[in-house]
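Chemist: Submitted below is the structure of interest, expressed as structure tokens.
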Amino acid sequence: MHIPTFDDVEVAHKRIGQWTHRSPVLANSHLNELTGANLLFKCENFQKAGAFKARGACNAVFGLDDEAASRGVTTHSSGNHASALAYAAARRGIRASVVMPTNASATKKAAVLTYGGQIIDCEPSASAREAAVAELVANTGAAFVHPYNDHRVIAGQATCAKELLEEVDGLDALIAPIGGGGLVSGSCLTRSVRSPKTKVYAAEPEKADDAYLSMKAGKIISHDAPDTVADGLKVPLKDLTWHFVSRYVEDILLVSEREIIDAMRLVWQRMKIVVEPSSAVAVAAVCKSKEVFAGKTVGVILTGGNVDLDALPWSSS
């Protein structure tokens with residue numbers, strides 16, 4: 001297991017600079033009043049390919065040697081990592097083939113195709129994803145870029161917190177959504193060097209609470225096919241992300257489907273920006289656990305803004 005270091009993060013930041021945005025940090029007085037905290041939002045919904053995933057994908061793709069790159073890249077993903085990998089591959093001029101569950105967002109599938117990626121459908125479970133991508137690698141020799149359990153990806157995702165901590169001094173806490181744990185792992189890695197006193201929290205849907213259960217059990221607990229509106233958070237922790245989550249995350253805060261949808265709508269209404277349900281999980285957790293964050297300066301990572309505008313969650317809730 002290759003555990004990334006902060007040196008890897010600095011290399012990644014230089015490598016991906018021309019292919020990614022330095023996303024803005026925004027504040028909102030209404031959300032501050034609502035939570036009693038000073039909230040600073042790192043807006044990865046403005047990132048290339050619409051999500052923080054572009055950071056890790058670009059680091060992995062542009063870190064390949066020419067021979068490996070010539071065989072293309074592949075992954076499995078419900079959406080944002082799929083489109084991010086297709087985006088990065090297109091910029092390098094190589095092929096990207098991605099395994100996506102049949103219930104993946106139509107908008108996210110369309111994004112993969114827009115960037116020139118090839119989609120292979122699979123059943124909506126973690127085991128089905130992994131089996132399909134293993135077959136693809138065996139047949140094509142493509143380089144597999146795991147959505148999160150990959151040192152190159154974690155180092156790339158860590159650049160998000162790196163930028164936030166470079167821009168904002170004195171963060172008491174940082175919170176991000178957790179699915180497989182790549183972003184949270186990267187945040188822990190950056191925080192340990194740049195701001196050791198900052199506490200890292202993770203936010204997770206109640207209906208996909210495997211990271212929460214893992215923390216309680218002291219070992220990885222996996223849900224094979226959880227069902228939540230936060231479609232980017234349906235995957236389980238793996239050994240590399242568990243290394244960071246189990247050691248450095250202060251707590252994992254759970255939120256309901258209703259709380260996720262309400263938080264998403266709140267951000268749309270009050271901040272006038274588009275975020276997807278997975279992004280709203282972190283906002284929901286801060287609103288729900290006010291006693292944890294009141295009086296503190298808190299960095300909140302808004303992970304992405306790839307939304308199916310024809311199927312907004314509050315339209316049917």
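Ligands are numbered from 1 in the order shown, chains are lettered A, B, ... in the order of the structure tokens, and residues start at 1 in each chain.
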Name the residues of range 201-308 of chain A that fall into strand (DSSP E) according to DSSP on the backbone, using the chain letters and numbers of this document, as a list in words.

Modeler: Tyr201, Ala202, Ala203, Glu204, Pro205, Val249, Glu250, Asp251, Ile252, Leu253, Leu254, Val255, Thr297, Val298, Gly299, Val300, Ile301 and Leu302 of chain A

Chemist: I'd like the contact shell of Ile94 in chain A - 6 Å cut-off, only C-alpha atoms, skipping same-chain residues fewer than 2 positions apart - returned as JSON, numbers by chain.

Modeler: {"A": [72, 89, 92]}

Chemist: Would you mind listing what lies within 12 Å of Phe62 in chain A as a PyMOL selection string, with only C-alpha atoms counted and same-chain residues fewer than 2 positions away left out?

Modeler: chain A and resi 11-19+54-60+64-66+68-70+72-73+85+87-94+145+152-153+156

Chemist: Could you write out the selected residues, including C-alpha atoms, as a PDB file, in the first residue's frame?

Modeler:
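Contents of the output file out_34.pdb:
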```pdb
ATOM      1  CA  VAL A  11       3.937  17.545  -6.953  1.00  0.00           C
ATOM      2  CA  ALA A  12       0.287  16.951  -7.803  1.00  0.00           C
ATOM      3  CA  HIS A  13      -0.589  20.620  -7.404  1.00  0.00           C
ATOM      4  CA  LYS A  14       2.093  21.641  -9.885  1.00  0.00           C
ATOM      5  CA  ARG A  15       1.158  18.838 -12.293  1.00  0.00           C
ATOM      6  CA  ILE A  16      -2.554  19.664 -12.471  1.00  0.00           C
ATOM      7  CA  GLY A  17      -2.293  23.454 -12.401  1.00  0.00           C
ATOM      8  CA  GLN A  18      -2.979  24.079 -16.083  1.00  0.00           C
ATOM      9  CA  TRP A  19      -5.844  21.555 -16.178  1.00  0.00           C
ATOM     10  CA  ALA A  54     -10.906  16.510 -11.726  1.00  0.00           C
ATOM     11  CA  ARG A  55      -7.980  17.038  -9.361  1.00  0.00           C
ATOM     12  CA  GLY A  56      -7.280  13.382  -8.671  1.00  0.00           C
ATOM     13  CA  ALA A  57      -8.071  12.259 -12.203  1.00  0.00           C
ATOM     14  CA  CYS A  58      -5.706  14.792 -13.759  1.00  0.00           C
ATOM     15  CA  ASN A  59      -2.926  13.889 -11.351  1.00  0.00           C
ATOM     16  CA  ALA A  60      -3.282  10.209 -12.183  1.00  0.00           C
ATOM     17  CA  LEU A  64       1.358   8.089 -16.396  1.00  0.00           C
ATOM     18  CA  ASP A  65       4.370   7.391 -18.556  1.00  0.00           C
ATOM     19  CA  ASP A  66       3.783   7.426 -22.308  1.00  0.00           C
ATOM     20  CA  ALA A  68       1.038   3.184 -20.006  1.00  0.00           C
ATOM     21  CA  ALA A  69      -0.962   6.129 -21.304  1.00  0.00           C
ATOM     22  CA  SER A  70      -0.996   4.687 -24.822  1.00  0.00           C
ATOM     23  CA  GLY A  72      -5.786   4.273 -22.198  1.00  0.00           C
ATOM     24  CA  VAL A  73      -7.355   4.500 -18.768  1.00  0.00           C
ATOM     25  CA  LEU A  85     -11.268  10.770 -15.916  1.00  0.00           C
ATOM     26  CA  TYR A  87     -11.966  14.944 -19.153  1.00  0.00           C
ATOM     27  CA  ALA A  88      -8.352  14.288 -18.137  1.00  0.00           C
ATOM     28  CA  ALA A  89      -7.891  11.592 -20.779  1.00  0.00           C
ATOM     29  CA  ALA A  90      -9.237  13.886 -23.477  1.00  0.00           C
ATOM     30  CA  ARG A  91      -6.761  16.568 -22.471  1.00  0.00           C
ATOM     31  CA  ARG A  92      -3.926  14.065 -22.781  1.00  0.00           C
ATOM     32  CA  GLY A  93      -5.309  12.626 -26.001  1.00  0.00           C
ATOM     33  CA  ILE A  94      -5.855   9.071 -24.783  1.00  0.00           C
ATOM     34  CA  VAL A 145      -7.487   4.685 -11.907  1.00  0.00           C
ATOM     35  CA  ARG A 152      -2.282   9.500  -7.011  1.00  0.00           C
ATOM     36  CA  VAL A 153      -5.961  10.306  -6.687  1.00  0.00           C
ATOM     37  CA  GLY A 156      -4.734  15.186  -6.262  1.00  0.00           C
TER      38      GLY A 156
END
```

Chemist: Find, counting only C-alpha atoms, the residue in A:Glu250, A:Asp209, A:Asp121, A:Glu44 that gets nearest to Gly79 in chain A.

Modeler: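 So, comparing all the options, the nearest one is A:Asp121.
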
Chemist: Calculated over only C-alpha atoms, which of the candidates A:Cys188, A:Met100, A:Leu213, A:Ala84 has the smallest distance to Ala155 in chain A?

Modeler: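 Result for the nearest residue to Ala155 in chain A: A:Cys188.
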
Chemist: Pick out the residues sitting within 9 Å of Leu189 in chain A, and hand them over as number ranges by chain; count only C-alpha atoms, and ignore anything fewer than 4 positions along from it in its own chain.

Modeler: A: 4-6, 9, 154-155, 158, 184-185, 193-194, 244, 248

Chemist: Could you write out the selected residues, including C-alpha atoms, as a PDB file, in the first residue's frame?

Modeler:
```pdb
ATOM      1  CA  PRO A   4       0.854   9.429  -0.189  1.00  0.00           C
ATOM      2  CA  THR A   5       2.830  12.162   1.546  1.00  0.00           C
ATOM      3  CA  PHE A   6       2.572  15.924   1.428  1.00  0.00           C
ATOM      4  CA  VAL A   9       0.494  16.659  -2.848  1.00  0.00           C
ATOM      5  CA  ILE A 154      -5.732  11.091  -2.966  1.00  0.00           C
ATOM      6  CA  ALA A 155      -2.750  13.384  -3.577  1.00  0.00           C
ATOM      7  CA  ALA A 158      -5.597  16.879  -1.265  1.00  0.00           C
ATOM      8  CA  VAL A 184     -11.499  13.309   3.229  1.00  0.00           C
ATOM      9  CA  SER A 185      -8.211  11.372   3.138  1.00  0.00           C
ATOM     10  CA  VAL A 193       1.133  19.445   7.538  1.00  0.00           C
ATOM     11  CA  ARG A 194      -0.477  22.826   6.921  1.00  0.00           C
ATOM     12  CA  PHE A 244      -6.530   8.164   6.876  1.00  0.00           C
ATOM     13  CA  TYR A 248      -7.342  11.408  11.545  1.00  0.00           C
TER      14      TYR A 248
END
```

Chemist: Which of range 4-68 of chain A counts as helix (DSSP H, G or I) under DSSP, as a ChimeraX atom specification please?

Modeler: /A:6-16,29-35,44-46,48-50,53-62,66-68

Chemist: What is the distance between CA of Ser77 in chain A and CA of Pro101 in chain A, in Å to one decimal?

Modeler: 7.5 Å

Chemist: Do a neighbour search on Asp262 in chain A at 9 Å with only C-alpha atoms, toss out local chain neighbours closer than 3 positions, and write the hits as a PyMOL selection string.

Modeler: chain A and resi 257-259+265-267+280+284+314

Chemist: Taking only C-alpha atoms into account, which of A:Ala294, A:Leu40, A:Leu240, A:Val133 comes nearest Asn28 in chain A?

Modeler: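 Looking only at the distances to Asn28 in chain A, the closest residue turns out to be A:Leu40.
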
Chemist: Please indicate the distance in Å from CA of Ser289 in chain A to CA of Leu253 in chain A, rounded to one decimal place.

Modeler: 7.9 Å

Chemist: Could you jot down the CA of Ile3 in chain A to CA of Gly186 in chain A separation for me, Å, one decimal place?

Modeler: 10.8 Å

Chemist: Which of these, A:Ser105, A:Asn45, A:Ser78, A:Thr241, has the shortest distance to Pro124 in chain A once you count only C-alpha atoms?

Modeler: A:Ser78

Chemist: I want to know what sits within 9 Å of Ala111 in chain A, based on only C-alpha atoms, with residues of the same chain fewer than 5 positions away left out; could you give that as a VMD selection string?

Modeler: chain A and resid 49 79 to 80 82 to 84 86 to 87 106 116 to 117

Chemist: Could you please take those selected residues and save C-alpha atoms as an mmCIF file, in the first residue's frame?

Modeler:
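Below you can see selection.cif, which holds the result:
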```cif
data_model
loop_
_atom_site.group_PDB
_atom_site.id
_atom_site.type_symbol
_atom_site.label_atom_id
_atom_site.label_comp_id
_atom_site.auth_asym_id
_atom_site.auth_seq_id
_atom_site.Cartn_x
_atom_site.Cartn_y
_atom_site.Cartn_z
ATOM 1 C CA ALA A 49 -15.857 18.695 -15.089
ATOM 2 C CA GLY A 79 -20.564 9.796 -12.320
ATOM 3 C CA ASN A 80 -18.158 12.490 -11.210
ATOM 4 C CA ALA A 82 -16.079 8.946 -14.594
ATOM 5 C CA SER A 83 -16.485 12.339 -16.228
ATOM 6 C CA ALA A 84 -13.328 13.673 -14.565
ATOM 7 C CA ALA A 86 -12.783 11.223 -19.383
ATOM 8 C CA TYR A 87 -11.966 14.944 -19.153
ATOM 9 C CA ALA A 106 -28.276 10.691 -17.133
ATOM 10 C CA GLY A 116 -15.182 11.371 -25.483
ATOM 11 C CA GLY A 117 -15.323 8.598 -22.911
#
```

Chemist: Between A:Val255, A:Leu113, A:Leu302, A:Val274, which is the closest to Ile175 in chain A once you count only C-alpha atoms?

Modeler: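 Checking each candidate against Ile175 in chain A, we get A:Leu302 as the closest.
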
Chemist: I need the residue nearest Ile273 in chain A from this list: A:Ile120, A:Asn32, A:Cys43, A:Ala138. Use only C-alpha atoms for the distance.

Modeler: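 Looking only at the distances to Ile273 in chain A, the closest residue turns out to be A:Cys43.
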
Chemist: Excluding Lys234 in chain A and residues on its chain fewer than 6 positions from it, collect all residues at most 8 Å away from it, counting only C-alpha atoms, and give them as a JSON list (two decimals) with N, CA and C atoms, in the first residue's frame.

Modeler:
```
[["chain", "number", "residue", "atom", "x", "y", "z"],
["A", 179, "GLY", "N", -17.76, 9.27, 0.91],
["A", 179, "GLY", "CA", -18.24, 8.05, 0.29],
["A", 179, "GLY", "C", -17.11, 7.04, 0.43],
["A", 180, "GLY", "N", -16.26, 6.97, -0.61],
["A", 180, "GLY", "CA", -15.07, 6.13, -0.52],
["A", 180, "GLY", "C", -13.96, 6.73, 0.29],
["A", 208, "ALA", "N", -26.44, 5.49, 3.68],
["A", 208, "ALA", "CA", -25.18, 4.96, 3.14],
["A", 208, "ALA", "C", -24.10, 5.17, 4.19],
["A", 225, "ALA", "N", -24.92, -2.04, -2.01],
["A", 225, "ALA", "CA", -25.76, -1.25, -2.91],
["A", 225, "ALA", "C", -26.69, -0.32, -2.12],
["A", 226, "PRO", "N", -26.12, 0.68, -1.43],
["A", 226, "PRO", "CA", -26.95, 1.62, -0.68],
["A", 226, "PRO", "C", -27.80, 2.47, -1.61],
["A", 227, "ASP", "N", -28.90, 3.00, -1.06],
["A", 227, "ASP", "CA", -29.82, 3.81, -1.86],
["A", 227, "ASP", "C", -29.98, 5.17, -1.21],
["A", 228, "THR", "N", -29.40, 6.20, -1.81],
["A", 228, "THR", "CA", -29.46, 7.55, -1.28],
["A", 228, "THR", "C", -29.49, 8.55, -2.42]]
```
